[in-house]
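J.: For reference, the structure I am asking about is given below.
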Amino acid sequence: MNLSTDHLAIRTTCAYCGVGCGVQATPKDDGTFAIAGDKQHPANKGRLCVKGSTLGETVGLEGRLLYPQVREADGLRRVSWDAALDKVAGEWRRIIAEHGPDAVALYVSGQLLTEDYYVANKLMKGYIGSANIDTNSRLCMSSAVAGYKRAFGEDLVPVCYDDLELADMIVLVGSNTAWCHPILFQRILKAKEARPEMKLVVIDPRRTATCELADLHLPVKAGTDVWLFNGLLNYLSRIGAVDPRFIEQHTNGFQAALDVAHADCADLAVVAKICRVELSLLLEFYELFAATHKTITAYSMGVNQSSAGTDKANAIINCHLIGGRLGKPGMGPFSITGQPNAMGGREVGGLANMLAAHMDLERAEHRDVVQTFWESPAMADKGGLKAVDLFQAIEEGKVKSVWVIATNPVVSMPDADQVRRALDKCELVVTSDIMQDTDTTAYADVLLPALGWGEKDGTVTNSERRISRQRAFLSAPGEALPDWKILSLFAQRMGYTGFDFGGQHGVFDEHARLSGFRNAAADVPRAFDMSGLAGLQQSDYDALEPTQWPVRRTASGELQTEVRLFKDGVFAHADGKARFIATAPRLPRNAVSEEYPLSLNTGRVRDQWHTMTRTGKSATLADHIAESFVDMHPQDALLSGVKEGELARVTSEWGAMVARVQHGGGIPRGSVFIPIHWSGQTASDARVGAVVNPVVDPVSGEPEFKHTPVRVEQFRVNWHGFILSRDALNLDSIAHWTRIQGREFARYELAGRNTIKDHAGWSRALLGVGDPDADWLEYEDKTAGVYRAVHVVNDRIEQCIFMSPRQDMPSRAWLASLFAKEQLSEIDRIGLLVGMPVEKGADTGPTVCSCFGVGRNTICNAIIEKDLKTVAEVTACLKAGGNCGSCVPEIKKILVQTRVEAEEVRL
């Protein structure tokens with residue numbers, strides 16, 4: 001960054017994953033902001049992944065919800081804030097009076113700031129008197145929370161990021177860290193470069209990008225993690241890799257957990273067979289774990305998103321407790337959270353079964369602490385409806401009104417069509433969002449405009465318990481308000497006191513004071529404590545540096561924090577001891593069958609986030625993976641009657657969607673993988689949530705996104721095509737389409753079932769080109785069914801359409817580059833008619849490195865022409881892989897493939 005502008009940079013926090021990277025936003029002369037990593041932030045030390053680096057591309061006001069609106073018979077009508085909130089408050093008062101407080105609910109999000117979360121939780125549990133507030137964090141980390149609470153007595157993450165660099169072995173379980181938490185993965189790889197003897201083990205059914213750089217990959221069968229770790233627990237006990245003193249003095253339940261593990265997992269050959277891994281690989285992992293005391297087991301969605309997710313988490317924790325492998329540098333179980341403030345939501349009781357400040361809803365003494373502090377008129381005395389149960393209760397009419405805040409459940413929930421039915425039947429649906437049109441706002445009766453990233457001010461907490469400030473650097477657009485303010489204004493209209501906050505600083509201060517209220521050994525002690533930050537002046541809050549909790553003040557007034565927990569062997573259970581949890585292994589509830597023979601696994605791709613309401617606006621992020629896909633083994637594809645590159649319908653008992661078949665090379669027989677991101681706004685029929693089963697973990701309530709029985713069938717079409725257009729198009733008449741954001745244009749991938757006799761007339765009508773004298777370049781091969789047309793305005797490409805019975809068509813990357821030109825050359829026009837670039841090197845190929853916009857063809861050409869042999873040489877030559885590093889595994893594969901192919905040509 002230019003040092004002369006450093007003093008203008010605003011330090012804030014990234015809006016995406018739970019790593020919680022620090023960001024600097026620096027104003028530019030054109031009114032936009034340059035985004036860079038904050039070198040002073042301990043989470044990322046200046047590095048950003050490609051999603052974080054492109055945050056500046058997502059802050060435009062296109063599609064923003066800017067004013068309160070109410071749905072009437074003839075559509076949405078703009079109203080004042082007073083009118084909107086009065087309507088909601090009036091309806092909620094009526095519903096509560098007629099049906100009780102449990103007839104209303106909030107469904108919120110890990111995208112909220114802690115201050116927003118705090119006010120929402122206080123409103124529902126302490127004033128309305130219902131615990132019907134749940135969050136989309138239920139979908140990603142609630143099993144980790146339940147596992148920690150069972151083992152440690154409280155939702156406590158024992159390690160910190162620095163431990164990843166101090167460990168002698170890191171075991172990544174159900175985590176494609178290279179793509180989903182790339183900055184942490186780069187920290188791991190950097191540590192491994194410094195200490196090559198450090199081991200990296202990946203446990204995942206799929207061979208992901210993370211596996212490309214691992215020392216050992218165990219491709220376990222999905223759902224068998226408890227067998228794997230029970231087998232490890234039994235092995236560690238049998239060979240004596242235990243800490244008897246730690247077990248005796250600091251734990252309970254060891255023998256019961258070991259007995260359960262021994263019952264099913266004593267025979268390692270049986271464990272290997274159940275897990276579908278080679279016995280030699282299983283033994284290698286067990287021996288490494290036993291021999292490496294400084295081990296971190298980091299786990300994410302592959303563990304959590306399961307009907308046995310909590311047991312999986314506890315099976316992992318058991319293996320650390322048996323050897324006392326926690327509380328010291330470089331070791332411990334570590335859940336890596338998915339959202340930027342999943343941890344902050346946990347602090348304030350954002351889940352339906354929790355209270356603020358890590359207190360338990362089912363404990364009367366905890367409810368008394370919170371109600372006394374809040375001086376609230378009511379207090380929920382039982383757990384509320386968890387996410388899946390909530391939407392089922394809405395459809396059944398038990399919940400009459402739901403307020404959805406900062407999330408898109410019609411896309412992201414399992415059995416998503418049921419969510420759509422529920423919202424359609426609901427008496428009053430309220431949404432607080434930044435976007436006007438989402439799959440969920442389509443069902444809203446009241447739409448409330450909220451602030452987005454860059455406009456919000458408050459705090460978030462990352463996966464290592466580090467509180468960071470999010471600072472606004474953009475003005476509030478239209479009439480948008482912060483979520484804590486919207487909820488406070490609503491609470492006042494409901495007649496409640498205690499919501500007259502002067503700003504987010506006041507909310508934070510109340511949150512900090514509650515964390516220390518009656519938090520003493522003689523009362524209801526809690527490890528969670530940020531009371532050291534209570535009483536901050538506004539200026540101190542504004543200048544708050546990233547701080548880990550617990551944070552208290554010493555007698556002399558100095559702040560005191562803890563980097564890692566349990567170093568004294570004292571846990572949060574009443575007796576101070578940790579608990580071994582007996583985890584009897586069990587298979588997923590829904591088994592594959594003759595009708596649904598394949599197991600669906602869902603997850604993220606590298607450059608997209610959740611339902612793409614934000615990342616979908618970035619042309620940079622759209623370049624890597626443009627369409628939804630179903631990754632499957634070639635033999636499964638053969639048996640299903642589908643081919644790579646073709647469209648296929650994926651169907652379960654709960655719903656169906658359409659995606660393009662690919663063979664990524666990392667999927668085992670019997671499984672398919674589909675990403676979660678595509679919605680009704682970005683594709684005609686690609687919501688994988690509609691397919692996912694609604695079975696949940698009985699303890700945590702987290703859905704089983706990693707296993708749904710499905711079948712895959714051919715989605716027959718007559719033609720394929722794509723369009724690049726500067727103007728938005730209505731494609732409702734097309735059988736299948738996907739919209740991809742480009743630079744100065746939108747790209748549409750199409751497939752149709754209709755028969756087109758007049759390609760020119762049909763294409764002109766679709767593109768809205770009614771002028772018969774328009775500059776319209778076209779080529780048609782009627783025999784082959786190939787058609788290409790380009791609409792040119794003032795010698796500048798305006799739109800183009802390419803169609804063929806086959807799906808292999810000209811490079812989109814080359815055509816996209818033409819939209820940046822102010823004037824098409826004669827060579828460009830010739831290339832458009834021919835269907836390929838005339839000039840050598842014009843087609844860079846599909847994007848590999850999004851950070852620097854480097855395509856596959858460019859990398860392949862450089863490898864051959866410059867005889868590049870290593871990833872480091874590719875980076876030095878092209879910059880590819882030199883920023884966040886998430887493309888390094890892909891570059892490594894390209895290197896091997898390209899050099900092998902070149903050698904075969906020479907031979």
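Identifiers for the structure tokens are assigned positionally: chains receive A, B, ... in sequence, residues are indexed from 1 per chain, and ligands are indexed from 1 in the order shown.
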For region 393-404 of chain A, work out the shell of residues within 10 Å, counting only C-alpha atoms and skipping chain neighbours fewer than 4 positions away, then give it as a VMD selection string.
T.: chain A and resid 88 91 to 92 95 to 96 99 to 109 132 to 135 385 387 to 389 408 to 409 418 to 433 440 to 441 444 446 to 447
J.: Please provide as a PyMOL selection string all residues within 12 Å of Glu749 (chain A), with the sequence filter that same-chain residues fewer than 6 positions apart are discarded (counting only C-alpha atoms).
T.: chain A and resi 626-628+647+659-660+682-684+719-725+731+734-741+801-803+807-809+812
J.: Looking at only C-alpha atoms, which of A:Thr583, A:Thr847, A:Ser733, A:Ser468 is the one that sits closest to Pro546 (chain A)?
T.: A:Ser468
J.: Counting only C-alpha atoms, which residue out of A:Ile625, A:Val848, A:Val370, A:Leu172 sits closest to Lys122 (chain A)?
T.: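 Of A:Ile625, A:Val848, A:Val370, A:Leu172, the one nearest Lys122 (chain A), counting only C-alpha atoms, is A:Val370.
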J.: Using backbone DSSP assignments, extract all strand (DSSP E or B) residues from region 115-192 of chain A; output them as a list in words.
T.: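 Of region 115-192 of chain A, only Ile133, Asp134, Thr135, Met169, Ile170, Val171, Leu172 and Val173 of chain A fall in strand (DSSP E or B).
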J.: Give me, please, the distance in Å between CA of Thr547 (chain A) and CA of Ala194 (chain A), quoted to one decimal.
T.: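 CA of Ala194 (chain A) lies at a distance of 27.5 Å from CA of Thr547 (chain A).
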J.: Which residue, A:His610, A:Arg206, A:His358, A:Arg589, has the smallest gap to Ala15 (chain A) when you use only C-alpha atoms?
T.: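 Residue with the minimum atom-to-atom distance to Ala15 (chain A): A:His610.
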J.: Which is closest to Ala84 (chain A) among A:Ile864, A:Ala263, A:Ile486, A:Val202, if we use only C-alpha atoms?
T.: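 Among A:Ile864, A:Ala263, A:Ile486, A:Val202, it is A:Ile486 that comes nearest to Ala84 (chain A).
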J.: Would you mind listing what lies within 8 Å of region 641-645 of chain A as a PyMOL selection string, with only C-alpha atoms counted and same-chain residues fewer than 6 positions away left out?
T.: chain A and resi 660-663+712-714+807
J.: Using only C-alpha atoms, which residues sit within 12 Å of Arg245 (chain A) once same-chain residues fewer than 2 positions away are excluded, as a CSV table (one decimal) with N, CA, C and O atoms, in the first residue's frame?
T.:
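Final output, saved to out.csv:
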chain,number,residue,atom,x,y,z
A,242,VAL,N,-1.4,-42.8,26.8
A,242,VAL,CA,-2.4,-42.1,27.7
A,242,VAL,C,-1.7,-41.3,28.8
A,242,VAL,O,-0.5,-41.5,29.0
A,243,ASP,N,-2.4,-40.4,29.4
A,243,ASP,CA,-1.9,-39.6,30.5
A,243,ASP,C,-2.7,-40.0,31.7
A,243,ASP,O,-3.7,-39.3,32.0
A,247,ILE,N,-6.1,-38.0,33.3
A,247,ILE,CA,-7.4,-38.6,33.3
A,247,ILE,C,-8.0,-38.6,34.7
A,247,ILE,O,-9.1,-38.3,34.9
A,248,GLU,N,-7.1,-39.0,35.7
A,248,GLU,CA,-7.6,-39.2,37.0
A,248,GLU,C,-8.0,-37.9,37.7
A,248,GLU,O,-9.0,-37.7,38.3
A,249,GLN,N,-7.1,-36.8,37.5
A,249,GLN,CA,-7.3,-35.6,38.2
A,249,GLN,C,-8.2,-34.6,37.5
A,249,GLN,O,-8.8,-33.7,38.1
A,250,HIS,N,-8.4,-34.7,36.2
A,250,HIS,CA,-9.0,-33.7,35.4
A,250,HIS,C,-10.2,-34.1,34.5
A,250,HIS,O,-10.8,-33.3,33.8
A,251,THR,N,-10.6,-35.4,34.6
A,251,THR,CA,-11.7,-35.9,33.7
A,251,THR,C,-12.6,-36.8,34.5
A,251,THR,O,-12.2,-37.4,35.5
A,321,LEU,N,-8.4,-35.8,25.2
A,321,LEU,CA,-8.4,-35.9,26.6
A,321,LEU,C,-7.6,-37.1,27.1
A,321,LEU,O,-7.0,-37.0,28.2
A,322,ILE,N,-7.6,-38.2,26.4
A,322,ILE,CA,-6.9,-39.4,26.9
A,322,ILE,C,-5.4,-39.2,27.1
A,322,ILE,O,-4.8,-39.8,27.9
A,323,GLY,N,-4.9,-38.3,26.3
A,323,GLY,CA,-3.4,-38.0,26.5
A,323,GLY,C,-3.1,-36.6,27.0
A,323,GLY,O,-2.0,-36.2,27.1
A,324,GLY,N,-4.2,-35.9,27.5
A,324,GLY,CA,-4.0,-34.6,28.1
A,324,GLY,C,-3.5,-33.6,27.0
A,324,GLY,O,-2.7,-32.7,27.3
A,569,GLY,N,-5.8,-27.0,33.7
A,569,GLY,CA,-6.5,-28.3,33.8
A,569,GLY,C,-7.9,-28.2,34.5
A,569,GLY,O,-8.5,-29.2,34.8
J.: Write out as a PyMOL selection string each polymer residue whose atoms come within 8 Å of Gln436 (chain A), counting only C-alpha atoms; drop sequence neighbours fewer than 5 positions from it.
T.: chain A and resi 63-66+441
J.: Go ahead and write the selection's residues with C-alpha atoms as a PDB file, in the first residue's frame.
T.:
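Output file again-v5.pdb is given in full below:
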ATOM      1  CA  GLY A  63     -30.051  -4.342  -6.305  1.00  0.00           C
ATOM      2  CA  ARG A  64     -29.965  -2.837  -2.815  1.00  0.00           C
ATOM      3  CA  LEU A  65     -33.042  -2.560  -0.618  1.00  0.00           C
ATOM      4  CA  LEU A  66     -32.983   1.115   0.347  1.00  0.00           C
ATOM      5  CA  THR A 441     -37.707 -11.510   0.343  1.00  0.00           C
TER       6      THR A 441
END
